[in-house]
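Student: There's a structure below that I have some questions on.
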Amino acid sequence: MKRNLFLLAGLIALFLLPIGQGNYFILILCSWLMFTIAAMGLNLTLGYAGQISLAQASFIGIGAYVTAIMTLAGIHWILAALASVIVCFVIGILIGFPALRVKGHFLAFVTLAFNQLVVLVARNEDWLTGGSYGKFNMPRPDFGFYHIRTNLDMYYMIVVIFVIFAVLMYGLIRSPWGRAFKALRENPIRAESLGVDTRRITLLAFAVGSASAGLAGAIMSPLVQFIEPNSFALLHSLKILLMVIVGGAGYFFGPMLGAAVVILLPEFLRFTEGYYLIIYSAMVIILMVFSPAGLMGIGEKILTKIRPNQQVRKDMEKGAQL
Amino acid sequence: MSDTVLSVRNISKSFGNIHAVRDVSFDVRKGEVLGLIGPNGSGKSTLFNCVLGQLTPNQGEVMVNGRPVSGMRSNDLNKLGVGRTFQQLSVFPQMTVLDNIILAGQEHHGTMLTRLFGKPDAGLTPEADQMIEFFKLEHLRDEMAGSLSYGQQKLLDAAMAFMAGPSLVLLDEPAGGVNLTMLGHLKERLKTYNESHNTTFVVIEHNMEFVMSLCSRIIVLAEGAIIAEGSPDEIRSNQQVIDAYLGG
């Protein structure tokens with residue numbers, strides 16, 4: 001009951017947040033939700049299934065380019081978004097194959113190289129991607145009954161997509177697949193001995209995580225209406241990783257909080273002028289030192305103090321293991 | 001129809017010049033509890049790993065219920081009805097006891113798609129509760145497995161191995177590190193399960209009292225080869241076994 005009330009309050013807050021706000025702040029809120037979707041995908045791959053990926057931004061890029069190319073060719077955004085998700089799902093399966101052979105830091109390097117490869121293709125294949133000039137003037141979706149014109153329209157469209165996505169992701173994590181993902185993270189050899197096809201689950205962890213980023217890319221394309229290769233460089237993958245870690249890897253709401261810190265906090269600190277990046281970085285460092293399990297970890301520690309029976313997750317005492 | 005559940009035929013395994021297992025053959029019948037004992041380095045674990053597909057033997061064949069399984073992946077082997085426990089603790093520490101047990105059974109229910117769109121517990125909660133009750137872990141049902149004591153985790157490990165209703169269970173040092181009270185409880189549960197389900201067990205164990213009271217037949221390995229085979233009483237009085245392993 002308490003949980004449902006909390007969720008309802010969150011949902012109402014999402015709808016009320018942009019009211020009375022300027023165009024720029026609404027755009028920031030859109031970015032926050034968009035990156036939250038990508039970070040939730042990475043949270044599944046890393047936080048739940050224990051597979052490191054430094055290529056999440058490249059999948060946002062693939063999704064954004066697929067949507068841009070298709071919508072500029074006159075295809076409806078819904079079909080373009082669907083294609084983006086499917087393309088990223090398939091490529092996600094392919095990028096998952098190295099994970100069957102290499103783990104940890106080696107896997108991080110494989111995915112890092114893939115991110116770089118996507119950026120290079122986007123930069124050099126002008127005929128497809130527009131090269132360094134990128135793609136621009138992508139139309140905003142028109143659903144007949146609801147034509148997206150302003151950033152506020154766009155925000156409400158993203159809220160609806162986000163809520164549907166979050167419900168689906170929650171269902172996935174609670175399903176036997178979710179249990180198998182966690183088993184893969186905690187003890188893959190034991191999981192396999194209990195009948196879990198760890199190869200298939202590893203590939204699915206990458207595929208679902210990548211498809212989520214593809215959806216974020218499909219949102220990005222009509223949101224910013226201009227995409228170019230540098231928007232999907234490694235730096236952005238690291239940013240999404242930061243969202244997952246700061247929020248709390250392996251916690252459902254972690255990426256939402258993490259994306260808020262990475263996207264919204266710098267905006268709130270702008271009043272400090274030249275110091276805001278220093279303050280922001282210092283806050284993130286302090287958080288990681290004192291709570292490697294991220295913001296959700298702090299929440300759990302507080303709960304433990306209030307209700308001693310509540311046990312903090314032991315695997316998260318030292319944060320996500322990369 | 002033959003009642004042989006596990007058939008090991010002329011298995012040999014070498015690592016370079018070290019012959020870990022030399023031409024070992026034996027059969028295990030339905031409902032039998034076979035003990036596999038021997039000094040450290042005698043080839044027990046290598047043989048176990050050959051049976052479980054984690055090592056490919058240089059020669060020989062392993063059959064489960066008449067089907068060759070050499071080189072088979074352990075998830076496929078599990079689906080054929082082979083369960084196992086591990087020497088080291090092998091539970092999922094950040095999942096509840098109930099979730100550990102459900103996980104152990106869920107892959108045997110439905111397809112990948114029905115597991116995605118079906119019930120979160122795959123409809124296994126009642127069955128899992130029965131298994132939890134059988135191993136007397138009901139007071140720990142909703143606890144994280146990692147917060148259980150060593151002995152309780154060993155019990156949970158065994159419960160997971162039985163959840164899918166296997167025809168053959170390989171137990172790798174189930175008594176290792178378990179205190180005397182818990183050990184008696186574990187042995188009694190294993191015996192009861194064997195009698196009620198007629199499940200076949202193969203047990204590797206160094207605890208002689210545990211092996212002698214649990215197993216109906218014992219094979220003794222030394223330097224990779226079988227040196228003796230028989231009932232617990234025969235093994236106890238076998239001079240070769242006393243010299244090689246049991247001691248005076």
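Lettering and numbering for the structure tokens are positional, with chains as A, B, ... in the shown order, residues counted from 1 in each chain, and ligands counted from 1 in the shown order.
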Which residues come within 10 Å of region 41-49 of chain B, counting only C-alpha atoms, excluding same-chain residues fewer than 5 positions away, as number ranges by chain?
Tutor: B: 8, 11-14, 19-22, 24, 36, 54-57, 87, 170-173, 202-205, 220-226, 245
Student: I need the residues from that last selection saved to file as a PDB file, in the first residue's frame (with C-alpha atoms), if you can.
Tutor:
```pdb
ATOM      1  CA  VAL B   8      30.970 -44.708 -16.521  1.00  0.00           C
ATOM      2  CA  ILE B  11      37.257 -43.077 -18.404  1.00  0.00           C
ATOM      3  CA  SER B  12      40.831 -41.811 -18.520  1.00  0.00           C
ATOM      4  CA  LYS B  13      41.971 -38.248 -18.079  1.00  0.00           C
ATOM      5  CA  SER B  14      45.512 -36.890 -18.144  1.00  0.00           C
ATOM      6  CA  HIS B  19      47.334 -39.452 -15.235  1.00  0.00           C
ATOM      7  CA  ALA B  20      44.542 -38.191 -12.984  1.00  0.00           C
ATOM      8  CA  VAL B  21      42.041 -40.935 -13.872  1.00  0.00           C
ATOM      9  CA  ARG B  22      43.023 -44.302 -15.348  1.00  0.00           C
ATOM     10  CA  VAL B  24      37.754 -46.192 -14.525  1.00  0.00           C
ATOM     11  CA  LEU B  36      33.462 -42.239  -4.009  1.00  0.00           C
ATOM     12  CA  GLN B  54      33.228 -29.880 -17.090  1.00  0.00           C
ATOM     13  CA  LEU B  55      36.217 -31.861 -18.290  1.00  0.00           C
ATOM     14  CA  THR B  56      36.394 -33.870 -21.497  1.00  0.00           C
ATOM     15  CA  PRO B  57      37.963 -37.268 -20.845  1.00  0.00           C
ATOM     16  CA  GLN B  87      32.346 -28.464  -2.588  1.00  0.00           C
ATOM     17  CA  LEU B 170      26.157 -35.820  -7.456  1.00  0.00           C
ATOM     18  CA  LEU B 171      27.137 -34.501  -4.036  1.00  0.00           C
ATOM     19  CA  ASP B 172      30.633 -33.034  -3.795  1.00  0.00           C
ATOM     20  CA  GLU B 173      31.784 -33.151  -0.158  1.00  0.00           C
ATOM     21  CA  VAL B 202      26.926 -40.322  -6.001  1.00  0.00           C
ATOM     22  CA  VAL B 203      28.789 -38.836  -3.044  1.00  0.00           C
ATOM     23  CA  ILE B 204      32.394 -37.671  -2.793  1.00  0.00           C
ATOM     24  CA  GLU B 205      33.279 -37.300   0.868  1.00  0.00           C
ATOM     25  CA  VAL B 220      37.833 -46.367  -3.451  1.00  0.00           C
ATOM     26  CA  LEU B 221      40.161 -44.532  -5.811  1.00  0.00           C
ATOM     27  CA  ALA B 222      43.917 -44.236  -5.445  1.00  0.00           C
ATOM     28  CA  GLU B 223      46.279 -42.713  -8.009  1.00  0.00           C
ATOM     29  CA  GLY B 224      43.432 -42.438 -10.499  1.00  0.00           C
ATOM     30  CA  ALA B 225      42.383 -46.088 -10.442  1.00  0.00           C
ATOM     31  CA  ILE B 226      39.790 -48.119  -8.559  1.00  0.00           C
ATOM     32  CA  TYR B 245      43.552 -44.349   2.711  1.00  0.00           C
TER      33      TYR B 245
END
```
Student: Define the interface residues of chain A facing chain B as those within 6 Å, counting only C-alpha atoms, and report them as an mmCIF file with C-alpha atoms, in the first residue's frame.
Tutor:
```cif
data_model
loop_
_atom_site.group_PDB
_atom_site.id
_atom_site.type_symbol
_atom_site.label_atom_id
_atom_site.label_comp_id
_atom_site.auth_asym_id
_atom_site.auth_seq_id
_atom_site.Cartn_x
_atom_site.Cartn_y
_atom_site.Cartn_z
ATOM 1 C CA ARG A 174 10.525 -9.772 -11.393
ATOM 2 C CA SER A 175 10.093 -12.580 -13.945
ATOM 3 C CA PRO A 176 12.115 -15.812 -14.008
ATOM 4 C CA GLU A 186 26.121 -13.933 -8.519
ATOM 5 C CA GLU A 192 24.305 -23.259 -15.308
ATOM 6 C CA SER A 193 24.283 -26.380 -13.145
ATOM 7 C CA LEU A 194 20.644 -25.573 -12.296
ATOM 8 C CA GLY A 195 19.622 -25.514 -15.939
ATOM 9 C CA VAL A 196 20.043 -21.788 -16.663
#
```
Student: Quote the spacing between CA of Ala249 (chain A) and CA of Thr111 (chain B) in Å to one decimal place.
Tutor: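 If I compute the distance from CA of Ala249 (chain A) to CA of Thr111 (chain B), I get 28.7 Å.
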Student: Within 8 Å of Val28 (chain B), counting only C-alpha atoms, which residues qualify if same-chain residues fewer than 2 places away don't, as a list of chain:residue names?
Tutor: B:Thr4, B:Val5, B:Leu6, B:Ser7, B:Phe26, B:Lys30, B:Glu32, B:Leu34, B:Thr200
Student: Export, as a compact mmCIF listing (two decimals), in the first residue's frame, the selected residues with C-alpha atoms.
Tutor:
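Final file, selection.txt:
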```txt
# COMPACT_ATOMS: atom_id res chain seq x y z
CA THR B 4 21.34 -48.30 -14.53
CA VAL B 5 21.15 -44.53 -14.09
CA LEU B 6 24.83 -43.67 -14.45
CA SER B 7 27.30 -45.67 -16.47
CA PHE B 26 31.43 -48.42 -12.86
CA LYS B 30 18.46 -46.50 -9.65
CA GLU B 32 21.58 -46.52 -5.09
CA LEU B 34 27.37 -44.68 -4.15
CA THR B 200 20.33 -42.07 -7.15
```
Student: Step one, run DSSP on the backbone; step two, keep only residues of region 64-169 of chain B assigned to alpha helix (DSSP H); then write them as a PyMOL selection string.
Tutor: chain B and resi 74-79+97-106+112-117+125-134+150-162
Student: Which parts of region 127-215 of chain A does DSSP call strand (DSSP E or B) when run on the backbone here, written out as a VMD selection string?
Tutor: chain A and resid 135 to 136 142 147
Student: Between CA of Leu17 (chain A) and CA of Ala166 (chain A), measure the distance and give it in Å to one decimal.
Tutor: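 CA of Ala166 (chain A) lies at a distance of 18.3 Å from CA of Leu17 (chain A).
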